[in-house]
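Participant: Provided below: work-v2.cif, containing mmCIF, C-alpha atoms and all ligand atoms.
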```cif
data_upload
#
loop_
_atom_site.group_PDB
_atom_site.id
_atom_site.type_symbol
_atom_site.label_atom_id
_atom_site.label_comp_id
_atom_site.auth_asym_id
_atom_site.auth_seq_id
_atom_site.Cartn_x
_atom_site.Cartn_y
_atom_site.Cartn_z
ATOM 1 C CA MET A 24 21.022 45.812 -11.803
ATOM 2 C CA SER A 25 17.361 44.939 -11.329
ATOM 3 C CA LEU A 26 15.870 44.473 -7.898
ATOM 4 C CA GLU A 27 12.406 43.606 -9.153
ATOM 5 C CA ILE A 28 10.927 40.343 -7.906
ATOM 6 C CA ASN A 29 10.656 38.997 -11.465
ATOM 7 C CA ASN A 30 14.398 39.315 -11.878
ATOM 8 C CA LEU A 31 15.469 38.406 -8.354
ATOM 9 C CA PHE A 32 13.499 35.177 -8.079
ATOM 10 C CA SER A 33 13.078 34.039 -11.679
ATOM 11 C CA VAL A 34 13.708 30.403 -12.657
ATOM 12 C CA LYS A 35 11.946 30.736 -16.019
ATOM 13 C CA ASP A 36 13.393 28.661 -18.880
ATOM 14 C CA LYS A 37 15.891 26.974 -16.562
ATOM 15 C CA VAL A 38 16.480 23.218 -16.616
ATOM 16 C CA ALA A 39 16.137 21.464 -13.255
ATOM 17 C CA VAL A 40 16.720 17.870 -12.171
ATOM 18 C CA VAL A 41 14.846 16.782 -9.035
ATOM 19 C CA THR A 42 15.664 13.300 -7.738
ATOM 20 C CA GLY A 43 12.798 11.623 -5.923
ATOM 21 C CA GLY A 44 10.386 13.955 -7.701
ATOM 22 C CA SER A 45 7.485 11.500 -7.867
ATOM 23 C CA ARG A 46 5.977 12.426 -4.487
ATOM 24 C CA GLY A 47 6.480 14.217 -1.166
ATOM 25 C CA ILE A 48 9.013 17.027 -0.935
ATOM 26 C CA GLY A 49 10.413 16.229 -4.407
ATOM 27 C CA GLU A 50 6.982 16.772 -5.938
ATOM 28 C CA MET A 51 6.620 20.059 -4.027
ATOM 29 C CA LEU A 52 9.991 21.297 -5.310
ATOM 30 C CA SER A 53 9.265 20.177 -8.873
ATOM 31 C CA SER A 54 5.882 21.903 -8.770
ATOM 32 C CA GLY A 55 7.539 25.142 -7.635
ATOM 33 C CA PHE A 56 9.923 25.107 -10.592
ATOM 34 C CA LEU A 57 7.225 24.123 -13.098
ATOM 35 C CA ALA A 58 4.800 26.773 -11.838
ATOM 36 C CA ASN A 59 7.491 29.346 -12.639
ATOM 37 C CA GLY A 60 8.415 28.186 -16.120
ATOM 38 C CA ALA A 61 11.375 25.822 -15.569
ATOM 39 C CA LYS A 62 11.645 22.481 -17.357
ATOM 40 C CA VAL A 63 11.994 19.704 -14.763
ATOM 41 C CA TYR A 64 13.368 16.170 -14.983
ATOM 42 C CA ILE A 65 12.041 13.993 -12.159
ATOM 43 C CA THR A 66 13.407 10.617 -11.115
ATOM 44 C CA ALA A 67 12.258 7.717 -8.917
ATOM 45 C CA ARG A 68 12.375 3.900 -9.048
ATOM 46 C CA LYS A 69 8.665 3.105 -9.479
ATOM 47 C CA GLU A 70 8.186 3.858 -13.152
ATOM 48 C CA GLU A 71 4.399 3.757 -13.377
ATOM 49 C CA ALA A 72 3.867 6.242 -10.535
ATOM 50 C CA LEU A 73 6.693 8.450 -11.837
ATOM 51 C CA VAL A 74 5.370 8.603 -15.398
ATOM 52 C CA ALA A 75 1.851 9.333 -14.143
ATOM 53 C CA LYS A 76 3.158 12.125 -11.871
ATOM 54 C CA ALA A 77 5.176 13.693 -14.705
ATOM 55 C CA ALA A 78 2.103 13.690 -16.962
ATOM 56 C CA GLU A 79 -0.041 15.169 -14.179
ATOM 57 C CA LEU A 80 2.456 17.961 -13.448
ATOM 58 C CA SER A 81 3.087 18.756 -17.144
ATOM 59 C CA ASP A 82 -0.636 19.055 -17.621
ATOM 60 C CA LYS A 83 -1.189 21.143 -14.501
ATOM 61 C CA PHE A 84 1.579 23.671 -15.158
ATOM 62 C CA GLY A 85 1.820 23.599 -18.970
ATOM 63 C CA VAL A 86 5.604 23.078 -18.884
ATOM 64 C CA ASP A 87 7.638 19.943 -19.642
ATOM 65 C CA CYS A 88 8.059 17.580 -16.686
ATOM 66 C CA ILE A 89 10.100 14.622 -17.882
ATOM 67 C CA PRO A 90 10.298 11.303 -15.989
ATOM 68 C CA PHE A 91 13.351 9.070 -15.824
ATOM 69 C CA ALA A 92 12.996 5.871 -13.777
ATOM 70 C CA VAL A 93 16.181 4.790 -12.036
ATOM 71 C CA ASP A 94 17.537 3.466 -8.745
ATOM 72 C CA LEU A 95 20.055 6.093 -7.643
ATOM 73 C CA SER A 96 21.486 4.190 -4.687
ATOM 74 C CA ASN A 97 24.418 2.873 -6.737
ATOM 75 C CA LEU A 98 26.867 4.272 -9.279
ATOM 76 C CA ASP A 99 25.349 2.245 -12.096
ATOM 77 C CA GLY A 100 22.007 4.035 -11.639
ATOM 78 C CA VAL A 101 23.719 7.398 -11.272
ATOM 79 C CA MET A 102 25.498 6.873 -14.615
ATOM 80 C CA LYS A 103 22.247 5.886 -16.361
ATOM 81 C CA LEU A 104 20.743 9.231 -15.349
ATOM 82 C CA VAL A 105 23.913 11.137 -16.271
ATOM 83 C CA ASP A 106 24.012 9.506 -19.745
ATOM 84 C CA TYR A 107 20.337 10.284 -20.305
ATOM 85 C CA LEU A 108 20.757 13.938 -19.317
ATOM 86 C CA THR A 109 23.932 14.309 -21.355
ATOM 87 C CA GLU A 110 22.061 13.079 -24.416
ATOM 88 C CA HIS A 111 18.923 15.156 -23.842
ATOM 89 C CA GLU A 112 20.456 18.371 -22.442
ATOM 90 C CA PRO A 113 23.768 18.785 -24.309
ATOM 91 C CA ASN A 114 23.705 22.506 -23.481
ATOM 92 C CA GLY A 115 23.775 21.744 -19.784
ATOM 93 C CA ILE A 116 21.507 21.868 -16.744
ATOM 94 C CA ASP A 117 20.924 24.742 -14.334
ATOM 95 C CA PHE A 118 19.814 23.079 -11.100
ATOM 96 C CA LEU A 119 20.433 19.696 -9.483
ATOM 97 C CA ILE A 120 18.221 19.002 -6.478
ATOM 98 C CA ASN A 121 19.496 15.972 -4.564
ATOM 99 C CA ASN A 122 16.246 15.107 -2.826
ATOM 100 C CA ALA A 123 15.685 11.309 -3.066
ATOM 101 C CA GLY A 124 16.089 9.827 0.375
ATOM 102 C CA ALA A 125 15.206 6.927 2.623
ATOM 103 C CA ALA A 126 14.914 6.366 6.370
ATOM 104 C CA TRP A 127 15.236 3.348 8.665
ATOM 105 C CA GLY A 128 14.183 3.019 12.269
ATOM 106 C CA ALA A 129 15.099 0.183 14.637
ATOM 107 C CA PRO A 130 16.027 -0.149 18.316
ATOM 108 C CA TYR A 131 19.696 0.481 19.059
ATOM 109 C CA ASP A 132 20.533 -3.129 19.952
ATOM 110 C CA GLN A 133 18.795 -4.546 16.872
ATOM 111 C CA PHE A 134 19.791 -2.007 14.230
ATOM 112 C CA PRO A 135 20.815 -4.034 11.132
ATOM 113 C CA GLU A 136 23.653 -3.506 8.664
ATOM 114 C CA SER A 137 21.100 -3.333 5.833
ATOM 115 C CA GLY A 138 19.598 -0.279 7.558
ATOM 116 C CA TRP A 139 22.936 1.481 7.247
ATOM 117 C CA ASP A 140 23.690 0.504 3.654
ATOM 118 C CA LYS A 141 20.279 1.402 2.226
ATOM 119 C CA VAL A 142 20.130 4.793 3.913
ATOM 120 C CA VAL A 143 23.730 5.928 3.569
ATOM 121 C CA ASP A 144 23.973 4.765 -0.057
ATOM 122 C CA LEU A 145 20.972 6.836 -1.090
ATOM 123 C CA ASN A 146 21.172 9.839 1.258
ATOM 124 C CA LEU A 147 24.913 10.446 1.227
ATOM 125 C CA LYS A 148 26.834 8.461 -1.385
ATOM 126 C CA SER A 149 24.403 9.050 -4.246
ATOM 127 C CA PRO A 150 24.295 12.898 -3.983
ATOM 128 C CA PHE A 151 28.100 12.926 -4.047
ATOM 129 C CA PHE A 152 28.405 10.818 -7.207
ATOM 130 C CA LEU A 153 25.465 12.456 -8.954
ATOM 131 C CA THR A 154 26.961 15.891 -8.318
ATOM 132 C CA GLN A 155 30.430 14.657 -9.356
ATOM 133 C CA GLN A 156 29.160 13.113 -12.591
ATOM 134 C CA LEU A 157 26.837 16.026 -13.461
ATOM 135 C CA THR A 158 29.516 18.654 -12.837
ATOM 136 C CA PRO A 159 30.326 18.976 -16.585
ATOM 137 C CA LEU A 160 26.657 19.642 -17.444
ATOM 138 C CA LEU A 161 26.301 22.108 -14.550
ATOM 139 C CA GLU A 162 29.550 23.806 -15.548
ATOM 140 C CA THR A 163 28.375 24.171 -19.154
ATOM 141 C CA LYS A 164 25.445 26.321 -17.994
ATOM 142 C CA GLY A 165 27.010 28.179 -15.080
ATOM 143 C CA THR A 166 28.530 31.642 -15.497
ATOM 144 C CA SER A 167 29.896 34.050 -12.932
ATOM 145 C CA ASP A 168 26.759 36.202 -13.199
ATOM 146 C CA ASN A 169 24.442 33.224 -13.366
ATOM 147 C CA PRO A 170 25.949 30.234 -11.589
ATOM 148 C CA SER A 171 24.411 26.770 -11.689
ATOM 149 C CA ARG A 172 23.062 25.417 -8.405
ATOM 150 C CA VAL A 173 23.073 22.213 -6.415
ATOM 151 C CA VAL A 174 20.619 21.974 -3.521
ATOM 152 C CA ASN A 175 20.933 19.002 -1.183
ATOM 153 C CA ILE A 176 17.836 18.114 0.803
ATOM 154 C CA ALA A 177 19.141 17.293 4.273
ATOM 155 C CA SER A 178 16.960 17.236 7.419
ATOM 156 C CA ILE A 179 16.770 18.879 10.816
ATOM 157 C CA ASP A 180 17.565 15.363 12.058
ATOM 158 C CA GLY A 181 21.106 16.026 10.843
ATOM 159 C CA LEU A 182 21.254 18.997 13.246
ATOM 160 C CA HIS A 183 19.584 17.606 16.379
ATOM 161 C CA VAL A 184 18.919 14.218 17.960
ATOM 162 C CA PRO A 185 15.410 13.117 17.011
ATOM 163 C CA PHE A 186 12.887 11.225 19.069
ATOM 164 C CA MET A 187 12.945 8.159 16.761
ATOM 165 C CA GLU A 188 15.780 5.606 16.626
ATOM 166 C CA THR A 189 17.013 6.411 13.142
ATOM 167 C CA TYR A 190 20.766 6.169 13.616
ATOM 168 C CA SER A 191 21.858 5.794 9.990
ATOM 169 C CA TYR A 192 19.407 8.512 8.887
ATOM 170 C CA THR A 193 20.678 11.135 11.345
ATOM 171 C CA ALA A 194 24.277 10.275 10.476
ATOM 172 C CA SER A 195 23.572 10.478 6.733
ATOM 173 C CA LYS A 196 21.874 13.859 7.121
ATOM 174 C CA SER A 197 24.704 15.266 9.245
ATOM 175 C CA GLY A 198 27.029 13.929 6.593
ATOM 176 C CA ILE A 199 25.236 15.641 3.716
ATOM 177 C CA ILE A 200 25.280 18.948 5.621
ATOM 178 C CA HIS A 201 29.062 18.835 5.956
ATOM 179 C CA LEU A 202 29.478 17.424 2.429
ATOM 180 C CA THR A 203 27.506 20.454 1.198
ATOM 181 C CA ARG A 204 30.221 22.758 2.550
ATOM 182 C CA HIS A 205 33.005 20.639 1.111
ATOM 183 C CA LEU A 206 31.395 20.453 -2.343
ATOM 184 C CA ALA A 207 30.622 24.175 -2.190
ATOM 185 C CA LYS A 208 34.319 24.882 -1.701
ATOM 186 C CA THR A 209 35.321 22.644 -4.611
ATOM 187 C CA LEU A 210 32.678 23.829 -7.064
ATOM 188 C CA VAL A 211 32.371 27.555 -6.411
ATOM 189 C CA SER A 212 35.271 28.317 -8.768
ATOM 190 C CA LYS A 213 33.451 26.393 -11.522
ATOM 191 C CA ASN A 214 30.417 28.709 -11.175
ATOM 192 C CA ILE A 215 28.405 26.010 -9.411
ATOM 193 C CA ILE A 216 26.931 26.971 -6.029
ATOM 194 C CA VAL A 217 26.082 24.232 -3.524
ATOM 195 C CA ASN A 218 23.699 24.713 -0.581
ATOM 196 C CA ALA A 219 21.373 22.538 1.476
ATOM 197 C CA ILE A 220 17.902 22.761 2.959
ATOM 198 C CA ALA A 221 17.145 21.057 6.278
ATOM 199 C CA PRO A 222 13.381 20.455 6.335
ATOM 200 C CA GLY A 223 11.314 19.828 9.422
ATOM 201 C CA PRO A 224 8.077 17.840 9.038
ATOM 202 C CA PHE A 225 6.325 17.794 5.638
ATOM 203 C CA ASP A 226 3.467 15.655 4.339
ATOM 204 C CA SER A 227 5.102 12.684 2.621
ATOM 205 C CA HIS A 228 5.225 8.930 2.335
ATOM 206 C CA MET A 229 8.384 8.854 4.495
ATOM 207 C CA LEU A 230 7.046 10.828 7.460
ATOM 208 C CA GLY A 231 3.410 9.798 6.978
ATOM 209 C CA LYS A 232 4.226 6.107 7.259
ATOM 210 C CA ALA A 233 5.885 6.716 10.628
ATOM 211 C CA VAL A 234 2.805 8.470 12.095
ATOM 212 C CA ASN A 235 -0.062 6.731 10.244
ATOM 213 C CA PHE A 236 -0.540 9.945 8.245
ATOM 214 C CA ASP A 237 -1.826 11.736 11.355
ATOM 215 C CA TYR A 238 0.384 14.816 11.620
ATOM 216 C CA SER A 239 -1.539 16.468 14.489
ATOM 217 C CA LEU A 240 0.919 15.596 17.276
ATOM 218 C CA ILE A 241 3.921 16.586 15.186
ATOM 219 C CA ALA A 242 2.241 19.834 14.122
ATOM 220 C CA ASP A 243 1.590 20.669 17.749
ATOM 221 C CA SER A 244 5.253 20.219 18.598
ATOM 222 C CA VAL A 245 6.376 22.732 15.945
ATOM 223 C CA PRO A 246 6.591 26.388 17.103
ATOM 224 C CA ARG A 247 4.560 27.452 14.018
ATOM 225 C CA LYS A 248 1.932 24.831 15.013
ATOM 226 C CA ARG A 249 1.728 23.219 11.600
ATOM 227 C CA ILE A 250 3.727 21.015 9.268
ATOM 228 C CA GLY A 251 5.398 22.502 6.188
ATOM 229 C CA THR A 252 3.633 23.251 2.909
ATOM 230 C CA PRO A 253 4.747 23.240 -0.751
ATOM 231 C CA GLU A 254 5.012 27.047 -0.600
ATOM 232 C CA ASP A 255 7.446 26.850 2.331
ATOM 233 C CA ILE A 256 9.889 24.432 0.746
ATOM 234 C CA ALA A 257 9.523 25.466 -2.915
ATOM 235 C CA GLY A 258 9.914 29.130 -1.970
ATOM 236 C CA LEU A 259 13.205 28.479 -0.197
ATOM 237 C CA CYS A 260 14.529 26.297 -3.006
ATOM 238 C CA ILE A 261 13.597 28.909 -5.626
ATOM 239 C CA TYR A 262 15.429 31.538 -3.566
ATOM 240 C CA LEU A 263 18.556 29.345 -3.499
ATOM 241 C CA CYS A 264 18.357 28.707 -7.267
ATOM 242 C CA SER A 265 17.546 32.241 -8.416
ATOM 243 C CA ARG A 266 19.528 35.484 -8.728
ATOM 244 C CA ALA A 267 18.563 36.265 -5.135
ATOM 245 C CA GLY A 268 20.542 33.286 -3.836
ATOM 246 C CA ALA A 269 23.661 33.741 -5.951
ATOM 247 C CA TYR A 270 25.846 34.921 -3.054
ATOM 248 C CA THR A 271 24.737 32.252 -0.552
ATOM 249 C CA VAL A 272 27.275 29.428 -0.636
ATOM 250 C CA GLY A 273 27.713 26.250 1.411
ATOM 251 C CA GLU A 274 24.771 27.041 3.702
ATOM 252 C CA THR A 275 22.233 24.689 5.223
ATOM 253 C CA ILE A 276 18.995 26.598 5.758
ATOM 254 C CA THR A 277 16.346 25.121 8.023
ATOM 255 C CA CYS A 278 12.710 25.056 6.881
ATOM 256 C CA ASP A 279 11.070 23.746 10.024
ATOM 257 C CA GLY A 280 8.654 26.266 11.519
ATOM 258 C CA GLY A 281 11.219 27.271 14.142
ATOM 259 C CA SER A 282 11.950 23.881 15.691
ATOM 260 C CA ILE A 283 15.735 23.911 15.550
ATOM 261 C CA LYS A 284 16.328 27.542 16.422
ATOM 262 C CA THR A 285 13.727 28.040 19.144
ATOM 263 C CA LEU A 286 13.273 24.735 20.958
HETATM 264 N N1 LIG B 301 9.010 14.502 4.748
HETATM 265 C C1 LIG B 301 9.686 15.035 5.725
HETATM 266 O O1 LIG B 301 9.103 15.429 6.752
HETATM 267 C C2 LIG B 301 11.176 15.239 5.610
HETATM 268 C C3 LIG B 301 11.821 15.934 6.654
HETATM 269 C C4 LIG B 301 13.181 16.150 6.538
HETATM 270 C C5 LIG B 301 13.882 15.725 5.417
HETATM 271 N N2 LIG B 301 13.218 15.059 4.421
HETATM 272 C C6 LIG B 301 14.009 14.651 3.263
HETATM 273 O O2 LIG B 301 13.327 15.038 2.072
HETATM 274 C C7 LIG B 301 13.665 14.136 1.009
HETATM 275 C C8 LIG B 301 12.376 13.634 0.371
HETATM 276 O O3 LIG B 301 11.692 12.858 1.348
HETATM 277 P P1 LIG B 301 10.101 12.659 1.368
HETATM 278 O O4 LIG B 301 9.697 12.795 2.771
HETATM 279 O O5 LIG B 301 9.456 13.465 0.315
HETATM 280 O O6 LIG B 301 10.086 11.092 1.029
HETATM 281 P P2 LIG B 301 9.147 10.184 0.131
HETATM 282 O O7 LIG B 301 7.758 10.705 0.098
HETATM 283 O O8 LIG B 301 9.379 8.808 0.627
HETATM 284 O O9 LIG B 301 9.794 10.361 -1.331
HETATM 285 C C9 LIG B 301 11.048 9.829 -1.623
HETATM 286 C C10 LIG B 301 11.309 9.936 -3.104
HETATM 287 O O10 LIG B 301 12.591 9.342 -3.390
HETATM 288 C C11 LIG B 301 12.429 8.261 -4.330
HETATM 289 N N3 LIG B 301 13.390 7.198 -4.012
HETATM 290 C C12 LIG B 301 13.428 6.433 -2.896
HETATM 291 N N4 LIG B 301 14.434 5.533 -2.981
HETATM 292 C C13 LIG B 301 15.053 5.761 -4.176
HETATM 293 C C14 LIG B 301 16.159 5.163 -4.841
HETATM 294 N N5 LIG B 301 16.844 4.145 -4.305
HETATM 295 N N6 LIG B 301 16.519 5.653 -6.054
HETATM 296 C C15 LIG B 301 15.837 6.673 -6.621
HETATM 297 N N7 LIG B 301 14.790 7.282 -6.023
HETATM 298 C C16 LIG B 301 14.396 6.828 -4.823
HETATM 299 C C17 LIG B 301 10.967 7.823 -4.149
HETATM 300 O O11 LIG B 301 10.434 7.149 -5.288
HETATM 301 P P3 LIG B 301 10.533 5.531 -5.457
HETATM 302 O O12 LIG B 301 10.107 4.932 -4.152
HETATM 303 O O13 LIG B 301 9.628 5.223 -6.615
HETATM 304 O O14 LIG B 301 11.963 5.255 -5.793
HETATM 305 C C18 LIG B 301 10.300 9.177 -3.953
HETATM 306 O O15 LIG B 301 10.139 9.836 -5.198
HETATM 307 C C19 LIG B 301 14.507 13.031 1.646
HETATM 308 O O16 LIG B 301 15.879 13.269 1.413
HETATM 309 C C20 LIG B 301 14.177 13.143 3.124
HETATM 310 O O17 LIG B 301 15.212 12.643 3.950
HETATM 311 C C21 LIG B 301 11.893 14.793 4.503
#
```
If you took the structure in this file and wrote it as structure tokens, what would it be?
Ligand SMILES: NC(=O)c1ccc[n+]([C@@H]2O[C@H](COP(=O)([O-])OP(=O)(O)OC[C@H]3O[C@@H](n4cnc5c(N)ncnc54)[C@H](OP(=O)(O)O)[C@@H]3O)[C@@H](O)[C@H]2O)c1
Facilitator:
Amino acid sequence: MSLEINNLFSVKDKVAVVTGGSRGIGEMLSSGFLANGAKVYITARKEEALVAKAAELSDKFGVDCIPFAVDLSNLDGVMKLVDYLTEHEPNGIDFLINNAGAAWGAPYDQFPESGWDKVVDLNLKSPFFLTQQLTPLLETKGTSDNPSRVVNIASIDGLHVPFMETYSYTASKSGIIHLTRHLAKTLVSKNIIVNAIAPGPFDSHMLGKAVNFDYSLIADSVPRKRIGTPEDIAGLCIYLCSRAGAYTVGETITCDGGSIKTL
């Protein structure tokens, strides 16, 4: 038994896969792993930006950050990533972070079918199939003492009704929260632990676009009076992936400055 921080929270020499790692919350999570000695595979569709981000992060942290460009909203894309990882990490992977996501806002009476398909395919269907298809690689690494981890990035919008008219987004995020529990039940006996994080507002393309990158009003509405930082979200994810989080199963933990629990 060792209760020292270096043992409790270490992710050194682990292999992590972060979908949507080219920017926003995915970049924050990837940076947290890299800063602490884990090798990280990042994915996104836009290859040029992804490759540039991987080079920037590898350089900054002195650890391998490896890009793989793919559209994960369909099974074909999921299998491309699975084949690539199977070839490059035959000894398995330690952490899968299902982070890539999309949102769609439209008035209730005009909400289009395309706004359901795009959002639900990426936010809900894709994490299921990616987890399903990466289970053998996660199982290869996981042991009872040191289980592999899956962390689904949900949203507080899956726990409350938001101000914006994002019907498919809220439904997809509620769905991933319940799917987290169901997958946790299935995978815990394979030494794979599944949890979720429900972020509040963080600086990103997704949220920034909706508020013209002026976060002041949103920050004011949060009990902590600010939006989230890389330390907030990476710290929680590292907890869930490290020895410290090895007895936390099927949870969705908010990271929202107190919005859900106090407002
Ligand atoms: N930012 C927030 O305040 C906030 C709050 C709550 C929850 N979240 C959740 O956090 C996660 C990350 O969001 P973010 O705010 O960081 O968004 P973001 O800045 O828009 O980043 C999304 C990432 O996903 C990738 N992506 C988008 N569509 C994809 C597809 N079809 N296939 C593969 N990759 C795809 C993007 O790269 P490409 O465009 O190149 O594919 C990018 O790397 C999402 O699940 C989101 O719902 C965010």
Participant: Please expand the PyMOL selection byres (((not hetatm)) within 7 of (chain B and resi 301)) into the concrete residues it hits in this file, giving the result as a CSV table (one decimal) with C-alpha atoms, keeping the file's coordinate frame.
Facilitator:
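Result saved to expr.csv:
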```csv
chain,number,residue,atom,x,y,z
A,42,THR,CA,15.7,13.3,-7.7
A,43,GLY,CA,12.8,11.6,-5.9
A,44,GLY,CA,10.4,14.0,-7.7
A,45,SER,CA,7.5,11.5,-7.9
A,46,ARG,CA,6.0,12.4,-4.5
A,47,GLY,CA,6.5,14.2,-1.2
A,48,ILE,CA,9.0,17.0,-0.9
A,49,GLY,CA,10.4,16.2,-4.4
A,66,THR,CA,13.4,10.6,-11.1
A,67,ALA,CA,12.3,7.7,-8.9
A,68,ARG,CA,12.4,3.9,-9.0
A,69,LYS,CA,8.7,3.1,-9.5
A,70,GLU,CA,8.2,3.9,-13.2
A,73,LEU,CA,6.7,8.4,-11.8
A,93,VAL,CA,16.2,4.8,-12.0
A,94,ASP,CA,17.5,3.5,-8.7
A,95,LEU,CA,20.1,6.1,-7.6
A,96,SER,CA,21.5,4.2,-4.7
A,122,ASN,CA,16.2,15.1,-2.8
A,123,ALA,CA,15.7,11.3,-3.1
A,124,GLY,CA,16.1,9.8,0.4
A,125,ALA,CA,15.2,6.9,2.6
A,126,ALA,CA,14.9,6.4,6.4
A,145,LEU,CA,21.0,6.8,-1.1
A,146,ASN,CA,21.2,9.8,1.3
A,176,ILE,CA,17.8,18.1,0.8
A,177,ALA,CA,19.1,17.3,4.3
A,178,SER,CA,17.0,17.2,7.4
A,179,ILE,CA,16.8,18.9,10.8
A,221,ALA,CA,17.1,21.1,6.3
A,222,PRO,CA,13.4,20.5,6.3
A,223,GLY,CA,11.3,19.8,9.4
A,224,PRO,CA,8.1,17.8,9.0
A,225,PHE,CA,6.3,17.8,5.6
A,226,ASP,CA,3.5,15.7,4.3
A,227,SER,CA,5.1,12.7,2.6
A,228,HIS,CA,5.2,8.9,2.3
A,229,MET,CA,8.4,8.9,4.5
A,230,LEU,CA,7.0,10.8,7.5
```
Participant: Written as a list in words, which residues does the PyMOL selection byres (((chain A and resi 61) around 7) and not hetatm) give for the file shown?
Facilitator: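 For this structure, the PyMOL selection byres (((chain A and resi 61) around 7) and not hetatm) resolves to Val34, Lys35, Asp36, Lys37, Val38, Ala39, Phe56, Leu57, Asn59, Gly60, Lys62 and Val63 of chain A.
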Participant: Find the residues around A:Met51 up to 7 Å (all atoms listed in the file counted), leave out those fewer than 4 positions away in its own chain, and share them as a VMD selection string.
Facilitator: chain A and resid 47 55 253 257
Participant: Kindly give the distance, in Å, that separates atom CA of A:Thr252 and atom CA of A:Phe118, rounded to a single decimal.
Facilitator: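 Atom CA of A:Thr252 sits 21.4 Å away from atom CA of A:Phe118.
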Participant: Determine, counting all atoms listed in the file, which protein, DNA and RNA residues have an atom within 7 Å of an atom of A:Gly280; residues of the same chain fewer than 4 positions away are not included. Present the result as a list in words.
Facilitator: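 That gives Val245, Pro246 and Arg247 of chain A.
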Participant: Could you tell me how far atom CA of A:Ile283 lies from atom CA of A:Trp139, in Å and to one decimal?
Facilitator: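 Going from atom CA of A:Ile283 over to atom CA of A:Trp139, I get 25.0 Å.
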Participant: For the PyMOL selection byres (((chain A and resi 116) around 12) and not hetatm), applied here, can you spell out every residue it catches as a PyMOL selection string?
Facilitator: chain A and resi 36-41+61-64+105+108-115+117-120+154+157-165+170-173+215
Participant: Excluding A:Asn30 and any residue of its chain fewer than 5 positions from it, enumerate the residues within 10 Å of it, using only C-alpha atoms, and give them as a PyMOL selection string.
Facilitator: chain A and resi 24-25+35+265-267
Participant: Choose the residue, out of A:Ala92, A:Leu26, A:Ile276, A:Ile199, that has the smallest atom-to-atom separation from A:Glu71; count all atoms listed in the file.
Facilitator: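 So, comparing all the options, the nearest one is A:Ala92.
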